[in-house]
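**Student:** Got structure-v9.cif for you, mmCIF, C-alpha atoms:
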```
data_coords
#
loop_
_atom_site.label_atom_id
_atom_site.label_comp_id
_atom_site.auth_asym_id
_atom_site.auth_seq_id
_atom_site.Cartn_x
_atom_site.Cartn_y
_atom_site.Cartn_z
CA MET A 1 -6.69 92.93 90.25
CA SER A 2 -9.10 90.79 88.26
CA ALA A 3 -10.89 87.77 89.70
CA LEU A 4 -8.74 85.42 87.61
CA GLN A 5 -5.51 87.05 88.69
CA ASP A 6 -6.78 86.74 92.23
CA LYS A 7 -7.55 83.05 91.80
CA TYR A 8 -4.08 82.34 90.40
CA LYS A 9 -2.28 84.89 92.59
CA GLN A 10 -0.17 82.22 94.29
CA LEU A 11 0.97 81.00 90.88
CA ILE A 12 1.83 84.49 89.60
CA ASP A 13 3.71 85.27 92.82
CA ALA A 14 5.61 81.98 92.59
CA ALA A 15 6.51 82.73 88.96
CA LYS A 16 7.96 86.08 90.00
CA ALA A 17 9.83 84.48 92.92
CA ALA A 18 11.19 81.68 90.72
CA GLY A 19 12.83 84.19 88.40
CA ILE A 20 10.71 83.49 85.32
CA SER A 21 12.00 85.86 82.64
CA ASN A 22 9.80 87.56 80.04
CA LEU A 23 6.88 86.90 82.38
CA GLN A 24 3.62 87.98 80.81
CA VAL A 25 0.22 87.89 82.43
CA SER A 26 -2.74 88.83 80.27
CA GLU A 27 -6.38 88.01 79.88
CA GLN A 28 -8.55 87.28 76.91
CA GLY A 29 -12.09 85.92 76.85
CA ASN A 30 -12.09 84.99 80.57
CA VAL A 31 -8.90 82.99 80.18
CA LEU A 32 -5.75 84.03 81.98
CA HIS A 33 -2.55 83.57 79.98
CA ILE A 34 0.71 83.29 81.89
CA SER A 35 3.86 82.84 79.85
CA GLY A 36 7.58 83.12 80.36
CA ASP A 37 10.90 81.33 80.41
CA ALA A 38 11.88 79.26 83.44
CA PRO A 39 15.54 79.14 84.45
CA THR A 40 15.26 75.41 85.22
CA GLY A 41 12.97 72.47 84.62
CA ALA A 42 12.38 72.33 88.37
CA ALA A 43 11.02 75.90 88.35
CA LYS A 44 8.55 74.95 85.62
CA ASP A 45 7.49 71.80 87.48
CA GLN A 46 6.94 73.81 90.65
CA LEU A 47 4.56 76.17 88.84
CA TRP A 48 2.62 73.27 87.38
CA GLU A 49 2.34 71.76 90.83
CA ILE A 50 0.79 75.00 92.12
CA TYR A 51 -1.54 75.12 89.09
CA GLY A 52 -2.66 71.55 89.89
CA LYS A 53 -3.43 72.54 93.47
CA ILE A 54 -5.48 75.61 92.53
CA ASP A 55 -7.33 73.79 89.75
CA PRO A 56 -7.20 70.03 90.33
CA ASP A 57 -7.01 68.09 87.04
CA TYR A 58 -6.96 71.39 85.10
CA ARG A 59 -10.73 71.35 84.58
CA ALA A 60 -11.66 75.03 84.87
CA GLY A 61 -10.47 76.03 81.40
CA ASP A 62 -9.54 79.51 82.60
CA LEU A 63 -5.74 79.36 82.45
CA ILE A 64 -3.11 78.82 79.78
CA LEU A 65 0.23 78.26 81.49
CA ASP A 66 2.93 78.50 78.86
CA ILE A 67 6.26 78.15 80.65
CA GLU A 68 9.24 77.24 78.54
CA VAL A 69 12.53 76.08 80.05
CA ALA A 70 15.35 78.33 78.94
CA ALA A 71 18.02 76.36 77.10
CA THR A 72 20.56 77.43 74.52
CA ALA A 73 22.43 75.54 71.83
CA GLY A 74 25.00 73.22 73.36
CA THR A 75 22.89 72.60 76.49
CA LYS A 76 22.73 68.97 77.58
CA ALA A 77 19.25 67.57 77.99
CA LYS A 78 18.04 64.35 79.54
CA VAL A 79 15.46 62.16 77.83
CA THR A 80 12.53 62.08 80.26
CA THR A 81 10.10 59.77 78.53
CA ASP A 82 7.91 57.55 80.69
CA SER A 83 10.04 54.49 79.96
CA THR A 84 10.32 54.13 76.19
CA ALA A 85 12.94 55.56 73.82
CA LEU A 86 12.43 59.00 72.31
CA ASN A 87 11.98 59.19 68.55
CA ILE A 88 14.37 61.41 66.64
CA ARG A 89 12.79 62.61 63.44
CA LYS A 90 13.90 64.12 60.16
CA GLY A 91 11.69 67.17 60.62
CA PRO A 92 9.63 68.85 63.36
CA GLY A 93 6.39 66.82 63.38
CA THR A 94 5.12 63.33 64.19
CA ASP A 95 4.40 62.92 60.48
CA GLN A 96 8.15 63.07 59.80
CA PRO A 97 10.20 59.88 59.33
CA ILE A 98 12.13 58.55 62.33
CA VAL A 99 15.90 58.76 61.85
CA GLY A 100 16.94 57.37 65.24
CA LYS A 101 16.08 56.98 68.90
CA ALA A 102 17.42 58.28 72.19
CA ALA A 103 17.07 55.92 75.13
CA HIS A 104 15.09 56.80 78.26
CA GLY A 105 17.50 58.68 80.56
CA GLU A 106 20.07 59.31 77.81
CA ILE A 107 21.81 62.69 77.70
CA VAL A 108 21.64 64.49 74.34
CA THR A 109 22.91 67.86 73.13
CA LEU A 110 20.57 70.65 72.08
CA GLN A 111 21.49 72.03 68.65
CA ASN A 112 18.73 74.60 68.42
CA LYS A 113 15.13 75.22 69.36
CA THR A 114 12.99 75.04 66.27
CA ASN A 115 9.97 76.00 68.35
CA GLU A 116 8.57 75.28 71.80
CA GLN A 117 7.51 71.78 70.76
CA TRP A 118 10.41 70.55 68.67
CA TRP A 119 14.10 70.79 69.38
CA LEU A 120 16.93 69.81 67.06
CA ILE A 121 19.17 67.50 69.07
CA LYS A 122 22.25 65.35 68.60
CA THR A 123 22.99 62.15 70.46
CA ASP A 124 26.47 61.17 71.63
CA GLY A 125 26.21 58.43 68.99
CA GLY A 126 26.03 61.14 66.33
CA VAL A 127 22.35 60.92 65.38
CA GLU A 128 20.92 64.36 64.70
CA GLY A 129 17.26 65.21 64.30
CA TYR A 130 14.12 66.63 65.85
CA ALA A 131 12.72 65.43 69.14
CA TYR A 132 9.61 66.38 71.09
CA ALA A 133 10.67 68.95 73.69
CA GLN A 134 8.16 67.77 76.32
CA TYR A 135 10.38 64.71 76.82
CA LEU A 136 13.65 66.65 77.08
CA SER A 137 14.77 68.13 80.35
CA PRO A 138 17.66 70.62 80.10
CA GLN A 139 20.41 69.82 82.61
CA MET B 1 18.04 146.31 142.39
CA LYS B 2 21.11 145.38 140.50
CA LEU B 3 20.08 141.75 140.39
CA SER B 4 16.61 142.51 138.98
CA LYS B 5 18.18 144.62 136.23
CA ILE B 6 20.40 141.74 135.27
CA LEU B 7 17.42 139.40 135.30
CA LEU B 8 15.46 141.82 133.13
CA ALA B 9 18.34 142.06 130.69
CA VAL B 10 18.64 138.26 130.54
CA PHE B 11 14.90 137.95 130.06
CA LEU B 12 14.82 140.54 127.27
CA THR B 13 17.77 138.94 125.49
CA ALA B 14 16.10 135.56 125.71
CA ALA B 15 12.79 136.97 124.46
CA VAL B 16 14.39 138.75 121.51
CA SER B 17 16.43 135.76 120.50
CA PHE B 18 13.35 133.52 120.88
CA ILE B 19 11.27 135.72 118.57
CA GLY B 20 14.15 135.84 116.12
CA CYS B 21 14.55 132.06 116.27
CA LYS B 22 13.14 131.20 112.85
CA PRO B 23 14.27 127.75 111.65
CA LYS B 24 16.96 127.95 109.00
CA ASP B 25 16.07 126.80 105.46
CA SER B 26 18.49 123.89 105.76
CA THR B 27 16.81 122.78 109.01
CA ILE B 28 13.36 123.03 107.45
CA GLN B 29 14.56 121.07 104.46
CA LYS B 30 15.91 118.32 106.70
CA ASN B 31 12.69 118.21 108.72
CA ILE B 32 10.62 117.81 105.55
CA ALA B 33 12.98 115.11 104.27
CA ASP B 34 12.62 113.25 107.59
CA LYS B 35 8.82 113.38 107.35
CA PHE B 36 8.92 112.14 103.75
CA ALA B 37 11.25 109.31 104.77
CA ALA B 38 8.71 108.28 107.41
CA ASN B 39 6.21 107.57 104.64
CA PRO B 40 7.97 105.12 102.29
CA GLU B 41 4.63 104.36 100.56
CA CYS B 42 4.96 107.72 98.83
CA SER B 43 8.67 107.73 98.05
CA GLY B 44 10.20 109.84 95.29
CA ALA B 45 9.56 113.37 96.58
CA THR B 46 12.31 115.81 97.57
CA ALA B 47 11.98 119.32 98.96
CA THR B 48 14.26 122.30 98.57
CA VAL B 49 13.63 125.26 100.84
CA SER B 50 14.46 128.87 100.13
CA ASP B 51 13.33 131.73 102.42
CA GLY B 52 10.74 129.41 103.92
CA VAL B 53 9.28 128.45 100.54
CA ALA B 54 9.41 124.68 100.02
CA THR B 55 9.54 123.46 96.42
CA LEU B 56 8.65 119.80 95.96
CA THR B 57 10.11 117.92 93.00
CA GLY B 58 10.29 114.30 91.89
CA GLN B 59 7.89 111.57 90.88
CA VAL B 60 5.41 109.87 93.18
CA LYS B 61 3.09 106.97 92.44
CA ASP B 62 -0.30 108.73 92.55
CA ASP B 63 -2.26 111.96 93.16
CA MET B 64 -2.89 110.95 96.76
CA CYS B 65 0.86 110.90 97.43
CA LYS B 66 1.25 114.23 95.65
CA SER B 67 -1.25 115.98 97.90
CA THR B 68 -0.08 114.15 101.04
CA ALA B 69 3.46 115.41 100.38
CA GLU B 70 2.18 118.97 100.06
CA THR B 71 0.23 118.79 103.34
CA THR B 72 3.18 117.18 105.10
CA ALA B 73 5.52 119.95 103.95
CA LYS B 74 3.06 122.71 104.93
CA ASP B 75 2.87 121.31 108.47
CA VAL B 76 6.61 121.61 108.99
CA LYS B 77 7.55 124.53 111.22
CA GLY B 78 8.99 127.47 109.32
CA VAL B 79 7.38 126.63 105.97
CA LYS B 80 5.63 129.73 104.61
CA SER B 81 4.33 128.21 101.42
CA VAL B 82 4.73 125.12 99.24
CA VAL B 83 5.29 124.93 95.49
CA ASN B 84 4.14 121.50 94.43
CA ASP B 85 6.04 120.49 91.29
CA LEU B 86 5.66 116.76 91.93
CA THR B 87 4.74 114.59 88.97
CA VAL B 88 2.70 111.42 89.15
CA THR B 89 4.01 108.19 87.58
CA PRO B 90 1.82 107.35 84.59
CA PRO B 91 -0.02 104.02 84.92
CA PRO B 92 1.73 101.10 83.16
CA PRO B 93 0.32 100.22 79.73
CA PRO B 94 -2.11 97.30 79.81
CA PRO B 95 -0.38 93.98 78.98
CA ALA B 96 -0.51 92.95 75.34
CA ALA B 97 -3.23 90.49 74.40
CA PRO B 98 -1.95 86.90 74.36
CA THR B 99 -1.02 85.44 70.99
CA VAL B 100 -3.26 82.60 69.91
CA SER B 101 -2.08 80.16 67.23
CA PRO B 102 -4.23 79.67 64.13
CA ASP B 103 -6.29 76.46 64.07
CA ALA B 104 -4.10 74.82 61.40
CA ALA B 105 -1.00 75.16 63.60
CA LEU B 106 -2.97 74.04 66.66
CA ASN B 107 -4.23 70.96 64.83
CA GLN B 108 -0.68 69.98 63.88
CA GLY B 109 0.51 70.62 67.43
CA VAL B 110 -2.36 68.68 68.98
CA THR B 111 -1.62 65.68 66.73
CA ASP B 112 1.99 65.66 67.93
CA ALA B 113 1.05 66.16 71.59
CA THR B 114 -1.54 63.38 71.69
CA LYS B 115 0.43 60.86 69.64
CA ASP B 116 1.53 58.96 72.74
CA PHE B 117 -1.96 59.04 74.24
CA PRO B 118 -4.18 57.17 71.77
CA THR B 119 -7.17 57.14 74.16
CA VAL B 120 -7.31 60.95 74.10
CA LYS B 121 -9.39 62.65 71.45
CA ALA B 122 -8.68 66.31 70.80
CA THR B 123 -10.52 68.74 68.57
CA VAL B 124 -9.61 72.31 67.68
CA ASN B 125 -12.13 75.02 67.02
CA ASN B 126 -11.52 78.75 66.94
CA GLY B 127 -8.36 78.51 69.01
CA GLU B 128 -9.98 76.27 71.63
CA ILE B 129 -8.76 72.72 72.24
CA THR B 130 -11.39 70.31 73.56
CA LEU B 131 -10.21 67.04 75.07
CA THR B 132 -12.42 63.97 75.41
CA GLY B 133 -11.72 60.29 76.01
CA THR B 134 -9.61 58.87 78.79
CA ILE B 135 -6.13 59.38 80.19
CA LYS B 136 -4.05 57.93 83.00
CA ARG B 137 -3.57 60.36 85.86
CA LYS B 138 0.23 60.20 85.61
CA ASP B 139 0.07 61.33 81.97
CA LEU B 140 -2.31 64.26 82.47
CA THR B 141 0.27 66.91 83.38
CA THR B 142 2.59 65.87 80.54
CA LEU B 143 -0.24 66.21 78.03
CA MET B 144 -1.45 69.50 79.49
CA GLN B 145 2.06 70.98 79.45
CA SER B 146 2.41 70.09 75.76
CA LEU B 147 -0.98 71.54 74.89
CA ASN B 148 -0.45 74.74 76.92
CA SER B 149 2.73 75.47 74.98
CA LEU B 150 0.83 75.51 71.65
CA HIS B 151 -0.68 78.94 72.41
CA PRO B 152 -4.35 77.96 72.34
CA ALA B 153 -7.05 80.42 73.42
CA LYS B 154 -8.49 77.90 75.86
CA ILE B 155 -8.36 74.22 76.79
CA ASN B 156 -11.60 72.43 77.63
CA ASN B 157 -10.58 69.37 79.59
CA GLN B 158 -13.42 66.84 79.50
CA LEU B 159 -11.14 63.84 79.89
CA THR B 160 -12.06 60.93 82.10
CA ILE B 161 -9.08 60.41 84.35
CA LYS B 162 -8.29 56.82 85.24
#
```
Would you mind giving the structure from this file in structure tokens?

**Tutor:**
Amino acid sequence: MSALQDKYKQLIDAAKAAGISNLQVSEQGNVLHISGDAPTGAAKDQLWEIYGKIDPDYRAGDLILDIEVAATAGTKAKVTTDSTALNIRKGPGTDQPIVGKAAHGEIVTLQNKTNEQWWLIKTDGGVEGYAYAQYLSPQ
Amino acid sequence: MKLSKILLAVFLTAAVSFIGCKPKDSTIQKNIADKFAANPECSGATATVSDGVATLTGQVKDDMCKSTAETTAKDVKGVKSVVNDLTVTPPPPPPAAPTVSPDAALNQGVTDATKDFPTVKATVNNGEITLTGTIKRKDLTTLMQSLNSLHPAKINNQLTIK
């Protein structure tokens, strides 16, 4: 086992225990890459908590932790912004015009995942567009 | 006189049957299986015994297990010889190299990820994201999660955390 895999052993073990699917652990240029799909948002949060304990404030620059929360079309997701409303945009990008907003805590429906960053969503009010996935928590 | 003859007969019978008491193949086979079962580290080997010749088949994890199995079988009473047909599991292929997004895609992604954090400055060079400026502690994980999902080669976090 490499030194990096040793350093982040607790994290890799936790990922296996949490049932992360498509789990991949690889190394390139002294950076460990861990990726996979978490069954729940809580599983992802737990891994990030462990990462924060091993490397406080994520300063070491030796890990890329790419854990996506598995969610399929039709899944309900909660808007988990800090406090403000979430912008719904015409296309996937902050350069795209805003077509609507979803309130903090509102439940929206996932239409499809354009990519890891942008999801096409629909609000109960009927507004459809792209929202930043970091602020959506699948229920 | 009569008694000693009987004793002699009993003794001879016992001696003959003792010499002739070779373990049966099925017994040998079971004894080998029991010894293999006692070493779960090297699972995967099975033995079949015919006329005292034990043939080992199956797949074990390494060469050490392969030779240990052979020695174990040889030590079992009644085994005349061992044919070691065990195979060793090939090592798993090394994991694929991680995919790193091109800088253009990273730049677009970084713009989106830092939009809500105007005090953070992010630059992209050769797959590496370098963060400078300041951020509130409560926002750090949110930002890092966004950036980690962009498939960068590395993230250099030089942020001042307030």

**Student:** Find the distance between CA of Thr134 in chain B and CA of Val31 in chain A and write it in Å to one decimal.

**Tutor:**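 Separating CA of Thr134 in chain B from CA of Val31 in chain A is a distance of 24.2 Å.
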
**Student:** With all atoms listed in the file as the basis for distance, which of B:Ala96, B:Ala45, B:Val83, B:Ile129 is at the shortest distance from Glu27 in chain A?

**Tutor:**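 Among the listed residues, B:Ala96 lies closest to Glu27 in chain A.
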
**Student:** Do you know which residues are at most 8 Å from range 112-116 of chain B counting only C-alpha atoms, after dropping those on the same chain fewer than 3 positions away, and could you put them as an MDAnalysis selection string?

**Tutor:** (chainID A and resid 93:94) or (chainID B and resid 108:109 120:122 143 146:147)

**Student:** From the list B:Lys154, B:Lys138, B:Lys35, B:Lys162, which residue is nearest Asn30 in chain A when using only C-alpha atoms?

**Tutor:**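 Result for the nearest residue to Asn30 in chain A: B:Lys154.
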
**Student:** Point out the residue among B:Gly58, B:Pro23, B:Gly78, B:Pro98 with the least atom-to-atom distance to Ile34 in chain A, counting only C-alpha atoms.

**Tutor:**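 Of B:Gly58, B:Pro23, B:Gly78, B:Pro98, the one nearest Ile34 in chain A, counting only C-alpha atoms, is B:Pro98.
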
**Student:** For chain B, which residue among A:Ala131, A:Leu136, A:Ile67, A:Val79 is the nearest when counting all atoms listed in the file?

**Tutor:** A:Ile67

**Student:** Return as JSON lines the residues of chain A lying at most 6 Å from chain B, together with the closest atom-to-atom pair for each and the distance in Å to one decimal, counting all atoms listed in the file, with rows in chain order and ascending residue number.

**Tutor:**
```
{"residue": "A:Ser26", "atom": "CA", "partner": "B:Pro95", "partner_atom": "CA", "distance": 5.8}
{"residue": "A:Arg59", "atom": "CA", "partner": "B:Asn157", "partner_atom": "CA", "distance": 5.4}
{"residue": "A:Gly61", "atom": "CA", "partner": "B:Asn156", "partner_atom": "CA", "distance": 5.3}
{"residue": "A:Ile64", "atom": "CA", "partner": "B:Asn148", "partner_atom": "CA", "distance": 5.6}
{"residue": "A:Leu65", "atom": "CA", "partner": "B:Asn148", "partner_atom": "CA", "distance": 5.8}
{"residue": "A:Asp66", "atom": "CA", "partner": "B:Ser149", "partner_atom": "CA", "distance": 4.9}
{"residue": "A:Thr94", "atom": "CA", "partner": "B:Asp112", "partner_atom": "CA", "distance": 5.4}
```

**Student:** Applied to the shown file, which residues does the PyMOL selection byres ((chain A and resi 98) around 7) return, written as an NGL selection string?

**Tutor:** :A and (87-90 or 96-97 or 99-100)
